[in-house]
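To keep things clear, I will list the structure first and then write my remarks on it.
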Amino acid sequence: MIARETVEKVLDAAQIVDVVGDFVDLKRRGANWIACCPFHNEKTPSFSVSPSKGIFKCFGCGKAGTAVDFVMEHESLTFPEAIRYLAKKYHIEVNEKEETAEDIARMQHKESLMVVSAFAGEFFRKCLREPDGMAIAYEYFNGKRKLEDATIEKYGLGWAPQSRDRLAQEALAAGYKSDYLVETGLCIRRDDGSLVDRFYDRVIFPIHSVNGQIIAFGGRTLKTDKSVAKYVNSPETEIYVKNKSLYGIYFAKNEIARQRKCILVEGYLDVLSMHQLGIMNVVASSGTSLTTGQVDLIKRFANDVTIIYDGDSAGIHAAIRGIGLVLKGGLNVRVVLLPDGEDPDSFACSHTLEQVRDYISSHEQDFIGFMTDMLLGEAGNDPLKKASLVNEVADTIALIPDQIIRAMYIQTCAQKFGIEEKILYDRVRKSREAMLEAEKKQRDREREREERTERVHAEAVGLKDEEDGPSENAETKIPAKEVPTHGDEEPLTASAERELLKFLLEYGDEKLIFDKDSRFYVSGEESSVAEFILDTLDGNALKFRNSRYSLLLDEYTRLFDSGLPQASILARLRDSSDPELTATARDLLVDKYNLTVLNFEHSLTTTSTTLVMYVPKALLKLQLMNMEIELKSLQKELMGKLDDTDAQMKLMQSIAEKGKMKAALSRMIQQI
């Protein structure tokens with residue numbers, strides 16, 4: 001059986017116009033595509049394909065369905081065969097396995113999270129209509145932001161009351177499990193086991209999936225107190241992957257497909273005000289930098305993107321950052337800058353529909369014109385700065401996957417700057433070759449890392465194939481310094497333990513400054529690397545399984561708790577009376593090992609940015625490896641209980657729970 005994860009990847013990737021277009025000559029008509037039906041003879045087209053709905057329908061013979069249904073019907077394939085066909089088309093690796101009770105439980109679990117999110121959506125809407133909600137939240141939406149009742153209702157806007165646990169209490173009273181409230185990010189569990197609401201005393205913006213289900217929430221404070229985070233957002237969960245979600249996509253997708261163009265803005269209110277005005281093909285990246293996953297989502301409905309950001313410096317540079325990603329995704333991009341001091345929300349509220357449409361159409365620029373206008377002023381008459389600008393534009397052109405489109409932009413750029421096309425062609429070619437080579441190396445590194453992890457894992461749990469013997473190329477594939485060959489009692493956790501110790505020794509007193517939308521952000525709190533690691537280890541009862549690393553951790557913790565500064569701690573560890581402890585500390589301090597999650601020293605980002613990313617990842621990795629060990633232990637115990645049905649059931653339940661926790665940890669690591 002094909003793994004459910006593979007099926008979901010195929011269904012996400014398959015674009016129905018693309019799939020049907022392989023077999024049928026489609027012609028665009030409005031938001032849809034039409035053709036003569038391939039399933040019965042006809043002279044007048046009655047076969048319609050809707051990209052926004054992802055379905056086909058023949059009004060003659062009545063056949064209808066999704067991209068998978070079309071392939072099954074047209075090619076006389078079974079469902080698994082159709083999935084394999086589409087997987088090959090979209091270069092997706094097919095993983096096959098038997099659907100286990102754990103797989104079924106995972107799907108039921110996902111559906112349960114959706115149900116809890118829907119309940120929360122109704123709760124926030126209900127609270128909006130209560131006296132406090134009307135006086136505070138409704139006054140903000142309707143009075144200050146000029147949102148009409150129909151808009152408030154359509155988009156499910158709401159109010160999280162000031163009580164810290166009202167949602168939790170009502171959900172529990174309605175029979176919803178506390179675990180689901182925590183997993184969706186709606187509630188936070190205190191140390192004593194009680195629940196508090198994540199969202200309170202805030203206006204609420206539900207975030208919908210492309211299919212219209214509520215998957216997350218954004219909460220905005222109406223207080224002016226700078227110590228209070230302006231926005232609190234749902235953390236990433238099994239049903240909400242932030243970098244693959246766009247605010248407003250469910251309400252905008254039909255108009256995006258009809259106009260063949262998507263307008264991209266930054267915030268919730270930008271979308272709402274534009275939609276209310278009548279410009280419906282608008283979505284938002286919800287205040288985050290645009291991601292590849294979001295570009296892929298737009299590509300399902302249109303190939304043209306217009307980016308509208310604020311006219312201030314931040315908006316200009318945000319637009320420049322988004323251009324490259326959109327172009328690399330194979331989409332056509334244009335940029336509109338609003339007058340300084342305006343954003344899409346305020347502009348939509350102060351202008352008529354025709355005025356906004358006219359402004360967009362008359363101020364749209366291709367990226368060459370936009371970048372030139374914005375950056376040429378900075379260059380002035382300095383020839384070196386102008387040359388740098390030309391190189392930057394050329395490097396942006398190099399991101400475009402279509403060769404013909406690249407050639408057209410090269411011609412435009414050459415004319416604009418009065419440069420020979422050949423010079424630009426050479427720059428674009430070299431830049432593109434370098435980009436493709438870097439991507440290949442990155443893929444190779446990721447593959448080698450996966451193979452190395454699998455090999456170490458297999459050796460750790462005794463799964464190495466003894467009949468095949470060691471690979472002849474094993475020594476060349478894994479640098480000797482990265483192989484745990486130092487007598488570690490538990491190789492599976494050794495690399496994570498080393499990473500955490502290296503962070504403690506080299507960056508223990510560095511500050512971790514998380515963004516406000518990070519799952520690790522705590523309002524009003526700032527911690528050092530050492531405080532964050534030690535508190536997390538203690539809070540999750542995580543212990544090191546390798547004695548020499550555990551010894552070093554215990555000694556570092558003792559010295560840190562005694563109040564010694566980082567430099568003094570390092571000095572004592574380097575010159576300890578315990579030779580084993582000193583040897584371990586010195587090995588780590590001279591950088592004998594590469595970090596498994598990243599070669600930290602060669603990162604292109606700042607130390608602060610990299611620490612924020614990879615310190616949590618190292619902690620999660622340790623949790624994941626511990627979970628793997630616990631699972632193997634439970635599975636081994638299960639094999640010894642073949643005659644005890646009750647014990648088997650309890651063990652199977654524990655294995656299923658651990659499996660879900662392991663899957664959640666894996667997703668969290670991938671999302672950081």
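Naming scheme: A, B, ... for chains in displayed order of the structure tokens; residues 1 onward per chain; ligands 1 onward as shown.
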With only C-alpha atoms as the counted atoms, please give the residues lying no more than 12 Å from Val232 in chain A, apart from itself and same-chain residues fewer than 3 positions off, as a CSV table (one decimal) with N, CA and C atoms, in the first residue's frame.
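result28.csv was written with the following content:
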```
chain,number,residue,atom,x,y,z
A,160,ALA,N,-11.4,37.1,21.7
A,160,ALA,CA,-11.0,36.2,22.8
A,160,ALA,C,-11.1,36.9,24.1
A,185,GLY,N,-2.6,24.3,19.9
A,185,GLY,CA,-2.0,25.6,20.3
A,185,GLY,C,-3.1,26.5,20.9
A,186,LEU,N,-4.3,26.1,21.0
A,186,LEU,CA,-5.3,26.9,21.6
A,186,LEU,C,-5.1,27.1,23.1
A,197,ASP,N,-5.7,29.6,28.3
A,197,ASP,CA,-5.9,29.9,26.9
A,197,ASP,C,-4.7,30.7,26.3
A,198,ARG,N,-4.3,30.3,25.1
A,198,ARG,CA,-3.2,31.1,24.4
A,198,ARG,C,-3.8,32.4,24.0
A,199,PHE,N,-5.0,32.5,23.6
A,199,PHE,CA,-5.6,33.7,23.1
A,199,PHE,C,-6.6,34.3,24.1
A,200,TYR,N,-6.3,35.5,24.6
A,200,TYR,CA,-7.2,36.1,25.5
A,200,TYR,C,-7.0,37.6,25.4
A,201,ASP,N,-8.1,38.4,25.5
A,201,ASP,CA,-8.1,39.8,25.5
A,201,ASP,C,-7.5,40.3,24.1
A,202,ARG,N,-8.0,39.6,23.0
A,202,ARG,CA,-7.5,40.0,21.7
A,202,ARG,C,-8.6,39.8,20.7
A,203,VAL,N,-8.5,40.6,19.6
A,203,VAL,CA,-9.4,40.3,18.5
A,203,VAL,C,-8.8,39.1,17.7
A,204,ILE,N,-9.6,38.3,17.1
A,204,ILE,CA,-9.2,37.0,16.5
A,204,ILE,C,-9.4,37.0,15.0
A,205,PHE,N,-8.4,36.5,14.3
A,205,PHE,CA,-8.5,36.3,12.8
A,205,PHE,C,-8.3,34.8,12.6
A,216,ALA,N,-5.9,27.5,12.1
A,216,ALA,CA,-5.1,28.3,13.0
A,216,ALA,C,-5.8,29.6,13.3
A,217,PHE,N,-5.2,30.4,14.2
A,217,PHE,CA,-5.7,31.7,14.5
A,217,PHE,C,-4.6,32.7,14.7
A,218,GLY,N,-4.9,34.0,14.4
A,218,GLY,CA,-4.0,35.1,14.8
A,218,GLY,C,-4.8,36.0,15.7
A,219,GLY,N,-4.1,36.4,16.8
A,219,GLY,CA,-4.8,37.3,17.8
A,219,GLY,C,-4.1,38.6,17.9
A,220,ARG,N,-4.8,39.7,17.8
A,220,ARG,CA,-4.1,41.1,17.9
A,220,ARG,C,-4.6,41.8,19.2
A,221,THR,N,-3.6,42.3,19.9
A,221,THR,CA,-4.0,43.1,21.1
A,221,THR,C,-4.5,44.5,20.7
A,222,LEU,N,-5.4,45.0,21.4
A,222,LEU,CA,-5.8,46.4,21.2
A,222,LEU,C,-5.2,47.4,22.2
A,228,VAL,N,3.5,44.3,25.6
A,228,VAL,CA,2.5,43.3,25.2
A,228,VAL,C,2.7,43.0,23.7
A,229,ALA,N,3.0,41.8,23.3
A,229,ALA,CA,3.2,41.4,21.9
A,229,ALA,C,1.9,41.8,21.1
A,235,PRO,N,0.9,28.2,17.0
A,235,PRO,CA,2.1,27.6,16.6
A,235,PRO,C,1.9,26.6,15.5
A,286,SER,N,0.8,36.9,5.9
A,286,SER,CA,0.6,37.0,7.4
A,286,SER,C,1.8,37.6,8.1
A,287,GLY,N,2.4,38.6,7.6
A,287,GLY,CA,3.5,39.2,8.3
A,287,GLY,C,4.8,38.5,8.3
A,515,ASP,N,12.0,35.5,17.5
A,515,ASP,CA,11.0,36.4,16.9
A,515,ASP,C,9.7,36.1,17.7
A,516,LYS,N,8.8,37.1,17.6
A,516,LYS,CA,7.5,37.0,18.4
A,516,LYS,C,6.6,35.9,17.9
A,517,ASP,N,6.8,35.5,16.6
A,517,ASP,CA,5.9,34.4,16.1
A,517,ASP,C,6.6,33.0,16.3
A,518,SER,N,7.7,33.0,17.0
A,518,SER,CA,8.4,31.7,17.2
A,518,SER,C,7.7,30.9,18.3
A,519,ARG,N,7.7,29.6,18.2
A,519,ARG,CA,7.1,28.8,19.2
A,519,ARG,C,7.9,28.9,20.5
A,521,TYR,N,9.2,31.8,21.7
A,521,TYR,CA,9.2,33.1,22.2
A,521,TYR,C,8.3,33.2,23.5
A,522,VAL,N,8.8,33.9,24.5
A,522,VAL,CA,8.0,34.1,25.7
A,522,VAL,C,8.1,35.6,26.0
A,523,SER,N,6.9,36.2,26.0
A,523,SER,CA,6.9,37.7,26.2
A,523,SER,C,7.6,38.1,27.5
```
Task: Residue set, range 277-430 of chain A restricted to strand (DSSP E), as a PyMOL selection string - done: chain A and resi 282-284+304-309+332-337+365-366
TODO: Would you mind listing what lies within 12 Å of range 207-210 of chain A as number ranges by chain, with only C-alpha atoms counted and same-chain residues fewer than 2 positions away left out?
DONE: A: 12, 52-54, 114, 117-118, 120-121, 154-158, 204-205, 212-219, 233-234, 239-242, 244-254, 267-268, 271, 283-286, 294, 297-298, 300-301
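Of the listed residues A:Glu238, A:Glu437, A:Asp426, A:Asp69, the one whose atoms come nearest to Arg106 in chain A is A:Glu238, with distances taken using only C-alpha atoms.
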Task: Surrounding residues of Leu638 in chain A excluding itself and chain neighbours under 5 positions, 9 Å, only C-alpha atoms, as a PyMOL selection string - done: chain A and resi 633+647-648+651-652
Save the residues we just selected, N, CA and C atoms, as an mmCIF file, in the first residue's frame?
```cif
data_model
loop_
_atom_site.group_PDB
_atom_site.id
_atom_site.type_symbol
_atom_site.label_atom_id
_atom_site.label_comp_id
_atom_site.auth_asym_id
_atom_site.auth_seq_id
_atom_site.Cartn_x
_atom_site.Cartn_y
_atom_site.Cartn_z
ATOM 1 N N SER A 633 12.509 -0.071 22.654
ATOM 2 C CA SER A 633 12.391 -0.823 23.903
ATOM 3 C C SER A 633 10.981 -1.382 24.074
ATOM 4 N N ALA A 647 -1.513 -7.110 28.333
ATOM 5 C CA ALA A 647 -0.228 -6.419 28.287
ATOM 6 C C ALA A 647 0.080 -5.946 26.873
ATOM 7 N N GLN A 648 -0.272 -6.776 25.882
ATOM 8 C CA GLN A 648 -0.054 -6.397 24.487
ATOM 9 C C GLN A 648 -0.821 -5.120 24.139
ATOM 10 N N LEU A 651 0.797 -2.112 25.700
ATOM 11 C CA LEU A 651 2.048 -1.782 25.024
ATOM 12 C C LEU A 651 1.795 -1.177 23.650
ATOM 13 N N MET A 652 0.817 -1.714 22.923
ATOM 14 C CA MET A 652 0.491 -1.187 21.597
ATOM 15 C C MET A 652 -0.019 0.246 21.686
#
```
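The protein and nucleic acid residues lying at most 8 Å from range 555-558 of chain A are Leu534, Leu551, Leu552, Asp561, Ser562, Ile569 and Leu573 of chain A, with only C-alpha atoms considered and sequence neighbours fewer than 3 positions away removed.
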TODO: Per DSSP on the backbone, filter range 71-292 of chain A down to the residues in alpha helix (DSSP H) and report them as number ranges by chain.
DONE: A: 71-75, 79-89, 101-128, 131-133, 149-154, 166-173, 178-183, 249-259, 268-277, 292
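Using only C-alpha atoms, the smallest distance between any of A:Ser350, A:Thr582, A:Gln15, A:Thr372 and Lys89 in chain A comes from A:Gln15.
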Task: Best match for closeness to Asp270 in chain A among A:Asp343, A:Asp304, A:Glu255, A:Glu451, counting only C-alpha atoms - done: A:Asp343
Task: Selected residue of minimal separation from Gln403 in chain A among A:Gly330, A:Phe119, A:Arg574, A:Ile368, counting only C-alpha atoms - done: A:Gly330
